[in-house]
$ cat query28.cif   # mmCIF, C-alpha atoms
data_input
loop_
_atom_site.label_atom_id
_atom_site.label_comp_id
_atom_site.auth_asym_id
_atom_site.auth_seq_id
_atom_site.Cartn_x
_atom_site.Cartn_y
_atom_site.Cartn_z
CA MET Q 1 -60.35 121.96 169.70
CA ALA Q 2 -63.64 123.65 170.56
CA LEU Q 3 -65.52 124.99 167.55
CA VAL Q 4 -67.28 127.73 169.50
CA ARG Q 5 -66.15 130.58 171.72
CA THR Q 6 -68.24 132.25 174.38
CA ARG Q 7 -67.90 135.41 176.40
CA GLN Q 8 -70.30 136.77 178.96
CA THR Q 9 -71.05 140.33 180.00
CA GLY Q 10 -73.61 140.73 182.75
CA ARG Q 11 -76.69 138.73 181.81
CA SER Q 12 -75.81 138.44 178.11
CA MET Q 13 -73.52 136.01 176.34
CA VAL Q 14 -71.92 136.02 172.89
CA LEU Q 15 -71.51 132.64 171.19
CA THR Q 16 -69.15 132.66 168.20
CA LEU Q 17 -69.20 129.84 165.66
CA ALA Q 18 -65.46 129.36 165.20
CA ASP Q 19 -64.72 126.85 162.46
CA PRO Q 20 -63.78 129.18 159.60
CA GLY Q 21 -61.92 126.41 157.75
CA ARG Q 22 -65.31 124.79 157.13
CA GLN Q 23 -67.13 128.13 156.97
CA ASN Q 24 -68.73 127.45 160.35
CA ALA Q 25 -70.72 124.55 158.90
CA LEU Q 26 -73.22 122.95 161.24
CA SER Q 27 -71.27 119.71 161.46
CA ALA Q 28 -71.98 117.12 164.15
CA GLU Q 29 -68.96 118.47 166.02
CA MET Q 30 -70.16 122.07 165.75
CA VAL Q 31 -73.67 121.12 166.89
CA ALA Q 32 -72.22 119.23 169.86
CA ASP Q 33 -70.03 122.16 170.89
CA VAL Q 34 -72.93 124.59 170.63
CA GLY Q 35 -74.95 122.20 172.76
CA LEU Q 36 -72.25 122.14 175.43
CA ALA Q 37 -72.09 125.94 175.44
CA LEU Q 38 -75.86 126.11 175.88
CA ASP Q 39 -75.70 123.55 178.69
CA ALA Q 40 -73.20 125.78 180.49
CA ALA Q 41 -75.21 129.01 180.03
CA PRO Q 42 -76.27 130.69 183.29
CA HIS Q 43 -79.83 130.00 184.35
CA ASN Q 44 -80.64 133.73 184.51
CA LEU Q 45 -79.23 134.58 181.08
CA ALA Q 46 -81.20 137.35 179.38
CA ALA Q 47 -79.77 137.31 175.85
CA LEU Q 48 -77.58 135.13 173.65
CA VAL Q 49 -75.87 136.73 170.66
CA VAL Q 50 -74.81 134.26 167.96
CA GLU Q 51 -72.20 135.31 165.41
CA GLY Q 52 -69.75 133.66 163.03
CA ASP Q 53 -65.97 133.87 162.83
CA GLY Q 54 -63.91 134.46 159.71
CA GLY Q 55 -66.38 136.66 157.85
CA VAL Q 56 -69.00 133.88 157.62
CA PHE Q 57 -72.08 133.30 159.75
CA SER Q 58 -72.58 129.66 158.76
CA ALA Q 59 -72.45 127.64 155.55
CA GLY Q 60 -75.18 125.35 156.89
CA ALA Q 61 -75.05 121.58 156.51
CA ASP Q 62 -71.70 119.81 156.53
CA LEU Q 63 -71.77 118.47 152.95
CA LYS Q 64 -68.75 116.21 153.52
CA SER Q 65 -70.62 114.36 156.26
CA LEU Q 66 -73.65 114.06 153.99
CA SER Q 67 -71.48 112.65 151.21
CA ALA Q 68 -69.98 110.11 153.60
CA ALA Q 69 -73.43 109.04 154.79
CA LEU Q 70 -74.65 108.82 151.20
CA ALA Q 71 -71.84 106.38 150.43
CA LYS Q 72 -73.21 103.98 153.05
CA PRO Q 73 -76.65 102.80 151.94
CA PRO Q 74 -78.83 101.40 154.75
CA THR Q 75 -79.16 97.68 155.19
CA PRO Q 76 -82.69 96.24 155.00
CA GLY Q 77 -84.66 97.28 158.07
CA GLU Q 78 -82.12 99.93 159.08
CA THR Q 79 -83.01 103.60 159.34
CA ASP Q 80 -81.29 105.52 156.58
CA PRO Q 81 -78.23 107.28 158.12
CA LEU Q 82 -79.14 110.35 156.05
CA GLN Q 83 -82.49 110.45 157.81
CA THR Q 84 -80.75 110.13 161.17
CA LEU Q 85 -78.38 112.99 160.35
CA ASN Q 86 -81.21 115.22 159.20
CA ALA Q 87 -83.32 114.48 162.27
CA ALA Q 88 -80.38 115.38 164.52
CA GLY Q 89 -80.20 118.72 162.74
CA GLY Q 90 -83.90 119.21 163.30
CA ARG Q 91 -83.51 118.61 167.02
CA PHE Q 92 -80.68 121.14 167.11
CA PHE Q 93 -82.84 123.83 165.48
CA ALA Q 94 -85.78 122.96 167.74
CA ARG Q 95 -83.64 123.33 170.85
CA PHE Q 96 -82.26 126.65 169.65
CA ALA Q 97 -85.71 128.03 168.85
CA ALA Q 98 -87.04 126.94 172.25
CA LEU Q 99 -84.25 128.46 174.37
CA PRO Q 100 -85.78 130.36 177.30
CA PHE Q 101 -83.62 133.46 176.80
CA VAL Q 102 -83.72 135.87 173.86
CA THR Q 103 -81.53 134.90 170.91
CA ILE Q 104 -79.99 137.46 168.55
CA ALA Q 105 -78.35 136.31 165.31
CA VAL Q 106 -75.78 138.78 163.98
CA VAL Q 107 -75.23 137.93 160.31
CA ASP Q 108 -72.06 139.65 159.11
CA GLY Q 109 -71.23 137.32 156.23
CA ALA Q 110 -72.69 134.33 154.43
CA ALA Q 111 -75.65 132.49 155.96
CA VAL Q 112 -76.32 129.61 153.61
CA GLY Q 113 -78.96 126.87 153.84
CA GLY Q 114 -79.00 125.70 157.45
CA GLY Q 115 -77.06 128.83 158.39
CA MET Q 116 -79.95 130.88 157.06
CA GLY Q 117 -82.28 128.57 158.98
CA LEU Q 118 -80.35 129.14 162.19
CA ALA Q 119 -80.73 132.89 161.74
CA ALA Q 120 -84.45 132.49 161.02
CA ALA Q 121 -84.85 130.47 164.22
CA ALA Q 122 -83.45 133.34 166.30
CA ASP Q 123 -85.76 135.80 168.02
CA VAL Q 124 -84.03 138.83 166.48
CA VAL Q 125 -81.80 139.03 163.39
CA VAL Q 126 -79.31 141.83 162.74
CA ALA Q 127 -77.84 141.87 159.23
CA THR Q 128 -74.92 143.96 158.04
CA SER Q 129 -73.79 145.22 154.66
CA LYS Q 130 -71.61 142.08 154.44
CA ALA Q 131 -74.52 139.70 155.03
CA ARG Q 132 -75.42 137.28 152.27
CA PHE Q 133 -78.36 134.91 152.69
CA ALA Q 134 -78.77 131.95 150.36
CA LEU Q 135 -81.48 129.29 150.43
CA THR Q 136 -79.66 126.93 148.09
CA GLU Q 137 -81.15 123.52 148.91
CA THR Q 138 -83.44 123.19 145.90
CA SER Q 139 -80.60 124.14 143.55
CA LEU Q 140 -78.77 121.08 144.97
CA GLY Q 141 -81.78 118.83 144.40
CA LEU Q 142 -82.83 118.90 148.07
CA PRO Q 143 -85.71 120.37 150.09
CA PRO Q 144 -85.00 122.76 153.00
CA ALA Q 145 -86.47 120.08 155.23
CA GLN Q 146 -85.68 120.97 158.83
CA ILE Q 147 -85.47 124.74 158.42
CA ALA Q 148 -88.82 125.09 156.63
CA LEU Q 149 -90.63 125.44 159.97
CA TYR Q 150 -88.53 128.46 160.98
CA LEU Q 151 -88.62 130.13 157.58
CA VAL Q 152 -92.42 129.91 157.49
CA ALA Q 153 -92.71 131.14 161.09
CA ARG Q 154 -90.52 134.16 160.37
CA LEU Q 155 -91.59 135.02 156.82
CA GLY Q 156 -94.99 133.47 156.30
CA GLU Q 157 -95.55 130.67 153.82
CA ARG Q 158 -95.92 132.89 150.76
CA VAL Q 159 -92.50 134.50 151.07
CA ALA Q 160 -90.80 131.34 152.35
CA ARG Q 161 -92.21 129.41 149.40
CA ARG Q 162 -90.88 131.97 146.92
CA LEU Q 163 -87.41 131.95 148.45
CA ALA Q 164 -87.18 128.16 148.65
CA LEU Q 165 -88.54 127.45 145.18
CA THR Q 166 -86.19 129.92 143.51
CA GLY Q 167 -83.02 129.14 145.49
CA ALA Q 168 -83.03 132.79 146.50
CA ARG Q 169 -79.97 134.85 147.38
CA LEU Q 170 -80.35 138.07 149.34
CA ASP Q 171 -78.08 140.72 150.78
CA GLY Q 172 -78.63 142.24 154.20
CA ARG Q 173 -80.75 145.14 152.99
CA GLU Q 174 -83.02 142.82 150.97
CA ALA Q 175 -83.30 140.47 153.96
CA ALA Q 176 -84.47 143.34 156.14
CA ALA Q 177 -86.98 144.44 153.53
CA ILE Q 178 -88.79 141.08 153.62
CA GLY Q 179 -88.50 140.52 157.37
CA LEU Q 180 -85.81 137.85 157.31
CA ALA Q 181 -83.67 140.36 159.22
CA ASP Q 182 -85.15 142.73 161.78
CA PHE Q 183 -82.42 145.33 161.44
CA PHE Q 184 -79.93 146.30 158.72
CA CYS Q 185 -76.71 148.01 159.78
CA GLU Q 186 -74.39 149.69 157.30
CA SER Q 187 -71.31 149.85 159.54
CA GLU Q 188 -69.64 147.92 162.33
CA THR Q 189 -70.27 150.85 164.66
CA GLU Q 190 -73.97 150.81 163.82
CA ARG Q 191 -74.13 147.05 164.31
CA GLU Q 192 -72.46 147.20 167.72
CA ALA Q 193 -74.76 150.03 168.83
CA ARG Q 194 -77.83 148.13 167.63
CA VAL Q 195 -76.88 144.92 169.46
CA GLU Q 196 -76.08 146.84 172.65
CA ALA Q 197 -79.44 148.66 172.47
CA LEU Q 198 -81.23 145.34 172.01
CA ILE Q 199 -79.46 143.82 175.00
CA GLU Q 200 -80.28 146.84 177.16
CA ALA Q 201 -83.93 146.55 176.19
CA ILE Q 202 -84.00 142.80 176.81
CA GLU Q 203 -82.41 143.21 180.24
CA ARG Q 204 -85.28 145.50 181.25
CA CYS Q 205 -87.58 142.51 180.81
CA ALA Q 206 -87.94 139.75 183.40
CA PRO Q 207 -86.16 136.56 182.28
CA GLY Q 208 -88.98 134.29 183.38
CA ALA Q 209 -91.56 136.44 181.62
CA ASN Q 210 -89.53 136.38 178.40
CA ALA Q 211 -89.16 132.60 178.61
CA GLU Q 212 -92.90 132.17 179.15
CA THR Q 213 -93.68 134.60 176.32
CA LYS Q 214 -91.61 132.49 173.92
CA ARG Q 215 -93.45 129.37 175.11
CA LEU Q 216 -96.84 131.01 174.60
CA PHE Q 217 -95.94 132.15 171.10
CA ARG Q 218 -95.18 128.54 170.21
CA ALA Q 219 -98.38 127.36 171.88
CA CYS Q 220 -100.61 129.86 170.08
CA ARG Q 221 -99.48 128.44 166.72
CA ALA Q 222 -100.13 124.84 167.80
CA GLU Q 223 -103.29 125.03 169.90
CA PRO Q 224 -106.89 125.76 168.85
CA PRO Q 225 -108.07 129.19 170.07
CA GLU Q 226 -110.38 127.76 172.72
CA VAL Q 227 -107.52 125.72 174.19
CA TYR Q 228 -105.04 128.57 173.97
CA ILE Q 229 -107.34 130.90 175.92
CA GLU Q 230 -107.03 128.67 178.97
CA THR Q 231 -103.33 128.07 178.41
CA ALA Q 232 -102.72 131.82 178.33
CA ALA Q 233 -104.97 132.49 181.33
CA GLN Q 234 -103.15 129.92 183.46
CA SER Q 235 -99.82 131.38 182.37
CA PHE Q 236 -100.86 134.94 183.24
CA ALA Q 237 -102.23 134.01 186.67
CA ALA Q 238 -99.12 131.99 187.56
CA ALA Q 239 -96.84 134.81 186.46
CA LEU Q 240 -98.74 137.47 188.40
CA ARG Q 241 -98.65 135.38 191.58
CA GLY Q 242 -94.99 134.49 191.02
CA PRO Q 243 -91.91 136.40 192.20
CA GLU Q 244 -91.40 138.33 188.96
CA GLY Q 245 -95.02 139.47 188.71
CA ARG Q 246 -95.10 140.59 192.33
CA GLU Q 247 -91.77 142.39 191.95
CA GLY Q 248 -92.82 144.04 188.71
CA LEU Q 249 -95.97 145.50 190.27
CA ALA Q 250 -94.09 146.55 193.41
CA ALA Q 251 -91.41 148.25 191.32
CA PHE Q 252 -94.06 150.09 189.30
CA VAL Q 253 -95.86 151.32 192.41
CA GLY Q 254 -92.58 152.24 194.07
CA LYS Q 255 -91.29 154.01 190.95
CA ARG Q 256 -88.07 152.02 190.89
CA ALA Q 257 -86.40 149.48 188.62
CA PRO Q 258 -87.21 145.80 189.27
CA PHE Q 259 -84.41 143.60 190.57
CA TRP Q 260 -83.71 142.02 187.18
CA ALA Q 261 -83.14 145.31 185.33
CA ARG Q 262 -79.61 146.38 184.43
CA GLY Q 263 -78.25 148.73 187.07
CA ALA Q 264 -81.08 148.04 189.53
CA LYS Q 265 -80.20 148.56 193.20
#
$ encode --input "query28.cif" --output "structure tokens"
Amino acid sequence: MALVRTRQTGRSMVLTLADPGRQNALSAEMVADVGLALDAAPHNLAALVVEGDGGVFSAGADLKSLSAALAKPPTPGETDPLQTLNAAGGRFFARFAALPFVTIAVVDGAAVGGGMGLAAAADVVVATSKARFALTETSLGLPPAQIALYLVARLGERVARRLALTGARLDGREAAAIGLADFFCESETEREARVEALIEAIERCAPGANAETKRLFRACRAEPPEVYIETAAQSFAAALRGPEGREGLAAFVGKRAPFWARGAK
């Protein structure tokens, strides 16, 4: 049985983590099903909304799988299976963060450990009055190894350090106050309106330009300024000479919507 559900409306898609019996844990099976859903996503997708079923966003790591791997110590010369499991999780988060379309995490329940990391790796986070974020790894004797990158990128090291070293627990309003969530919504109606407004705004942007913007934001953190200047200049020139740049300028001059915009004729 698939552990995710998807539905598409126009150029946006909703992906629901649907394993409520395990609180939508990021098990190997869940990660594989999410991967298949991403493989099948349309090439011109503008936005992906990720939500959780059963009143939970995601409980994070599948602790039963970790316990099973812990019970099998590596033989001499073998890579520790725990290391292999953790690295697979890291690749999952890296793929999610690098998706070319805009990702929106809607947290309407518990987002624990890796679930909180998945939300942090999204481009936009919407939290509700039911949201509960918990960075519990250190209280279990573990570091938040693979999600540290995304917590620091979203919150800055100072705040991420405080949350990790205290095993912090936050509600949706507190998450919005520190920037873990971009928006806090009191009601379901407000949440739905906020997500729809975000999708409308995203669909006014060219998909290729958004994908390149996400790539440049990653590059500007990794490259020295003198290298990034040329990276950005090459990107800008290629975009302006490309079909989206030409169409964007033509649409502006012609006082019309570009072809990628919702409702464009």
$ closest_residue --input "query28.cif" --among "Q:Asp123, Q:Glu203, Q:Glu230, Q:Glu212" --to "Asp182 of chain Q" --atoms "all atoms listed in the file"
Q:Asp123
$ resolve_selection --input "query28.cif" --expression "the PyMOL selection byres ((chain Q and resi 247) around 12)" --output "compact mmCIF listing (two decimals) with C-alpha atoms, in the coordinates of the input"
# COMPACT_ATOMS: atom_id res chain seq x y z
CA CYS Q 205 -87.58 142.51 180.81
CA ALA Q 206 -87.94 139.75 183.40
CA ALA Q 209 -91.56 136.44 181.62
CA ALA Q 239 -96.84 134.81 186.46
CA LEU Q 240 -98.74 137.47 188.40
CA ARG Q 241 -98.65 135.38 191.58
CA GLY Q 242 -94.99 134.49 191.02
CA PRO Q 243 -91.91 136.40 192.20
CA GLU Q 244 -91.40 138.33 188.96
CA GLY Q 245 -95.02 139.47 188.71
CA ARG Q 246 -95.10 140.59 192.33
CA GLY Q 248 -92.82 144.04 188.71
CA LEU Q 249 -95.97 145.50 190.27
CA ALA Q 250 -94.09 146.55 193.41
CA ALA Q 251 -91.41 148.25 191.32
CA PHE Q 252 -94.06 150.09 189.30
CA VAL Q 253 -95.86 151.32 192.41
CA GLY Q 254 -92.58 152.24 194.07
CA LYS Q 255 -91.29 154.01 190.95
CA ARG Q 256 -88.07 152.02 190.89
CA ALA Q 257 -86.40 149.48 188.62
CA PRO Q 258 -87.21 145.80 189.27
CA PHE Q 259 -84.41 143.60 190.57
CA TRP Q 260 -83.71 142.02 187.18
CA ALA Q 261 -83.14 145.31 185.33
$ atom_distance --input "query28.cif" --atom1 "atom CA of Pro73 of chain Q" --atom2 "atom CA of Asn86 of chain Q"
15.1 Å
$ resolve_selection --input "query28.cif" --expression "the PyMOL selection byres ((chain Q and resi 54-58) around 7)" --output "list in words"
Pro20, Gln23, Asn24, Ala25, Glu51, Gly52, Asp53, Ala59, Gly60, Val107, Asp108, Gly109, Ala110, Ala111, Val112 and Gly115 of chain Q
$ resolve_selection --input "query28.cif" --expression "the PyMOL selection byres ((chain Q and resi 31) around 12)" --output "compact mmCIF listing (two decimals) with C-alpha atoms, in the coordinates of the input"
# COMPACT_ATOMS: atom_id res chain seq x y z
CA ALA Q 2 -63.64 123.65 170.56
CA LEU Q 3 -65.52 124.99 167.55
CA VAL Q 4 -67.28 127.73 169.50
CA LEU Q 17 -69.20 129.84 165.66
CA ALA Q 18 -65.46 129.36 165.20
CA ASP Q 19 -64.72 126.85 162.46
CA ASN Q 24 -68.73 127.45 160.35
CA ALA Q 25 -70.72 124.55 158.90
CA LEU Q 26 -73.22 122.95 161.24
CA SER Q 27 -71.27 119.71 161.46
CA ALA Q 28 -71.98 117.12 164.15
CA GLU Q 29 -68.96 118.47 166.02
CA MET Q 30 -70.16 122.07 165.75
CA ALA Q 32 -72.22 119.23 169.86
CA ASP Q 33 -70.03 122.16 170.89
CA VAL Q 34 -72.93 124.59 170.63
CA GLY Q 35 -74.95 122.20 172.76
CA LEU Q 36 -72.25 122.14 175.43
CA ALA Q 37 -72.09 125.94 175.44
CA LEU Q 38 -75.86 126.11 175.88
CA SER Q 58 -72.58 129.66 158.76
CA GLY Q 60 -75.18 125.35 156.89
CA ALA Q 61 -75.05 121.58 156.51
CA ASP Q 62 -71.70 119.81 156.53
CA LEU Q 85 -78.38 112.99 160.35
CA ALA Q 88 -80.38 115.38 164.52
CA GLY Q 89 -80.20 118.72 162.74
CA GLY Q 90 -83.90 119.21 163.30
CA ARG Q 91 -83.51 118.61 167.02
CA PHE Q 92 -80.68 121.14 167.11
CA PHE Q 93 -82.84 123.83 165.48
CA ARG Q 95 -83.64 123.33 170.85
CA PHE Q 96 -82.26 126.65 169.65
CA GLY Q 114 -79.00 125.70 157.45
CA GLY Q 115 -77.06 128.83 158.39
CA LEU Q 118 -80.35 129.14 162.19
$ atom_distance --input "query28.cif" --atom1 "atom CA of Ala175 of chain Q" --atom2 "atom CA of Ala211 of chain Q"
26.5 Å
$ closest_residue --input "query28.cif" --among "Q:Leu216, Q:Arg221, Q:Ala119, Q:Arg11" --to "Ser235 of chain Q" --atoms "only C-alpha atoms"
Q:Leu216
$ closest_residue --input "query28.cif" --among "Q:Ala168, Q:Val126, Q:Leu48, Q:Ala232" --to "Cys220 of chain Q" --atoms "only C-alpha atoms"
Q:Ala232
$ atom_distance --input "query28.cif" --atom1 "atom CA of Ala164 of chain Q" --atom2 "atom CA of Phe217 of chain Q"
24.4 Å
$ closest_atom_pairs --input "query28.cif" --of "segment 48-130 of chain Q" --to "segment 145-160 of chain Q" --cutoff "6 Å" --atoms "only C-alpha atoms" --output "CSV"
residue,atom,partner,partner_atom,distance
Q:Gly90,CA,Q:Gln146,CA,5.1
Q:Gly117,CA,Q:Ile147,CA,5.0
Q:Ala120,CA,Q:Tyr150,CA,5.7
Q:Ala121,CA,Q:Tyr150,CA,5.3
$ residues_near_point --input "query28.cif" --point "(-78.6, 139.6, 170.0)" --cutoff "9 Å" --atoms "all atoms listed in the file" --output "tab-separated table (two decimals) with C-alpha atoms, in the frame of the given file"
chain	number	residue	atom	x	y	z
Q	12	SER	CA	-75.81	138.44	178.11
Q	13	MET	CA	-73.52	136.01	176.34
Q	14	VAL	CA	-71.92	136.02	172.89
Q	47	ALA	CA	-79.77	137.31	175.85
Q	48	LEU	CA	-77.58	135.13	173.65
Q	49	VAL	CA	-75.87	136.73	170.66
Q	50	VAL	CA	-74.81	134.26	167.96
Q	51	GLU	CA	-72.20	135.31	165.41
Q	102	VAL	CA	-83.72	135.87	173.86
Q	103	THR	CA	-81.53	134.90	170.91
Q	104	ILE	CA	-79.99	137.46	168.55
Q	105	ALA	CA	-78.35	136.31	165.31
Q	106	VAL	CA	-75.78	138.78	163.98
Q	122	ALA	CA	-83.45	133.34	166.30
Q	123	ASP	CA	-85.76	135.80	168.02
Q	124	VAL	CA	-84.03	138.83	166.48
Q	125	VAL	CA	-81.80	139.03	163.39
Q	126	VAL	CA	-79.31	141.83	162.74
Q	194	ARG	CA	-77.83	148.13	167.63
Q	195	VAL	CA	-76.88	144.92	169.46
Q	196	GLU	CA	-76.08	146.84	172.65
Q	198	LEU	CA	-81.23	145.34	172.01
Q	199	ILE	CA	-79.46	143.82	175.00
$ closest_residue --input "query28.cif" --among "Q:Val227, Q:Leu66, Q:Ala97, Q:Glu78" --to "Leu142 of chain Q" --atoms "only C-alpha atoms"
Q:Leu66
$ residues_near_point --input "query28.cif" --point "(-76.4, 128.3, 139.3)" --cutoff "12 Å" --atoms "all atoms listed in the file" --output "list in words"
Ala134, Thr136, Glu137, Thr138, Ser139, Leu140, Thr166, Gly167, Ala168 and Arg169 of chain Q
$ closest_residue --input "query28.cif" --among "Q:Gly10, Q:Pro144, Q:Pro100, Q:Gly172" --to "Phe184 of chain Q" --atoms "only C-alpha atoms"
Q:Gly172
$ closest_residue --input "query28.cif" --among "Q:Ala222, Q:Glu200, Q:Arg173, Q:Ser129" --to "Glu188 of chain Q" --atoms "only C-alpha atoms"
Q:Ser129
$ build_atoms --input "query28.cif" --residues "segment 110-132 of chain Q" --atoms "N, CA and C atoms" --output "mmCIF file, in the frame of the given file"
data_model
loop_
_atom_site.group_PDB
_atom_site.id
_atom_site.type_symbol
_atom_site.label_atom_id
_atom_site.label_comp_id
_atom_site.auth_asym_id
_atom_site.auth_seq_id
_atom_site.Cartn_x
_atom_site.Cartn_y
_atom_site.Cartn_z
ATOM 1 N N ALA Q 110 -71.787 135.276 155.087
ATOM 2 C CA ALA Q 110 -72.690 134.330 154.430
ATOM 3 C C ALA Q 110 -73.470 133.503 155.443
ATOM 4 N N ALA Q 111 -74.778 133.386 155.202
ATOM 5 C CA ALA Q 111 -75.650 132.490 155.960
ATOM 6 C C ALA Q 111 -76.375 131.647 154.918
ATOM 7 N N VAL Q 112 -75.888 130.439 154.726
ATOM 8 C CA VAL Q 112 -76.320 129.610 153.610
ATOM 9 C C VAL Q 112 -77.101 128.401 154.131
ATOM 10 N N GLY Q 113 -78.217 128.068 153.489
ATOM 11 C CA GLY Q 113 -78.960 126.870 153.840
ATOM 12 C C GLY Q 113 -79.309 126.830 155.320
ATOM 13 N N GLY Q 114 -78.755 125.824 156.018
ATOM 14 C CA GLY Q 114 -79.000 125.700 157.450
ATOM 15 C C GLY Q 114 -78.514 126.899 158.238
ATOM 16 N N GLY Q 115 -77.498 127.601 157.730
ATOM 17 C CA GLY Q 115 -77.060 128.830 158.390
ATOM 18 C C GLY Q 115 -78.134 129.896 158.331
ATOM 19 N N MET Q 116 -78.814 129.968 157.199
ATOM 20 C CA MET Q 116 -79.950 130.880 157.060
ATOM 21 C C MET Q 116 -81.087 130.409 157.971
ATOM 22 N N GLY Q 117 -81.261 129.104 158.086
ATOM 23 C CA GLY Q 117 -82.280 128.570 158.980
ATOM 24 C C GLY Q 117 -81.997 128.884 160.432
ATOM 25 N N LEU Q 118 -80.724 128.813 160.817
ATOM 26 C CA LEU Q 118 -80.350 129.140 162.190
ATOM 27 C C LEU Q 118 -80.678 130.596 162.491
ATOM 28 N N ALA Q 119 -80.374 131.477 161.551
ATOM 29 C CA ALA Q 119 -80.730 132.890 161.740
ATOM 30 C C ALA Q 119 -82.241 133.048 161.854
ATOM 31 N N ALA Q 120 -82.987 132.374 161.000
ATOM 32 C CA ALA Q 120 -84.450 132.490 161.020
ATOM 33 C C ALA Q 120 -85.039 131.974 162.328
ATOM 34 N N ALA Q 121 -84.359 131.027 162.966
ATOM 35 C CA ALA Q 121 -84.850 130.470 164.220
ATOM 36 C C ALA Q 121 -84.574 131.371 165.409
ATOM 37 N N ALA Q 122 -83.745 132.407 165.221
ATOM 38 C CA ALA Q 122 -83.450 133.340 166.300
ATOM 39 C C ALA Q 122 -84.635 134.269 166.530
ATOM 40 N N ASP Q 123 -84.681 134.865 167.713
ATOM 41 C CA ASP Q 123 -85.760 135.800 168.020
ATOM 42 C C ASP Q 123 -85.577 137.122 167.282
ATOM 43 N N VAL Q 124 -84.328 137.563 167.148
ATOM 44 C CA VAL Q 124 -84.030 138.830 166.480
ATOM 45 C C VAL Q 124 -82.838 138.601 165.557
ATOM 46 N N VAL Q 125 -82.895 139.169 164.357
ATOM 47 C CA VAL Q 125 -81.800 139.030 163.390
ATOM 48 C C VAL Q 125 -81.293 140.416 163.024
ATOM 49 N N VAL Q 126 -79.982 140.601 163.158
ATOM 50 C CA VAL Q 126 -79.310 141.830 162.740
ATOM 51 C C VAL Q 126 -78.422 141.480 161.562
ATOM 52 N N ALA Q 127 -78.632 142.124 160.432
ATOM 53 C CA ALA Q 127 -77.840 141.870 159.230
ATOM 54 C C ALA Q 127 -77.008 143.101 158.908
ATOM 55 N N THR Q 128 -75.818 142.866 158.384
ATOM 56 C CA THR Q 128 -74.920 143.960 158.040
ATOM 57 C C THR Q 128 -74.791 144.069 156.520
ATOM 58 N N SER Q 129 -74.012 145.043 156.089
ATOM 59 C CA SER Q 129 -73.790 145.220 154.660
ATOM 60 C C SER Q 129 -72.994 144.060 154.060
ATOM 61 N N LYS Q 130 -72.353 143.242 154.918
ATOM 62 C CA LYS Q 130 -71.610 142.080 154.440
ATOM 63 C C LYS Q 130 -72.456 140.810 154.426
ATOM 64 N N ALA Q 131 -73.665 140.891 154.941
ATOM 65 C CA ALA Q 131 -74.520 139.700 155.030
ATOM 66 C C ALA Q 131 -74.944 139.220 153.657
ATOM 67 N N ARG Q 132 -74.939 137.917 153.489
ATOM 68 C CA ARG Q 132 -75.420 137.280 152.270
ATOM 69 C C ARG Q 132 -76.205 136.038 152.668
#
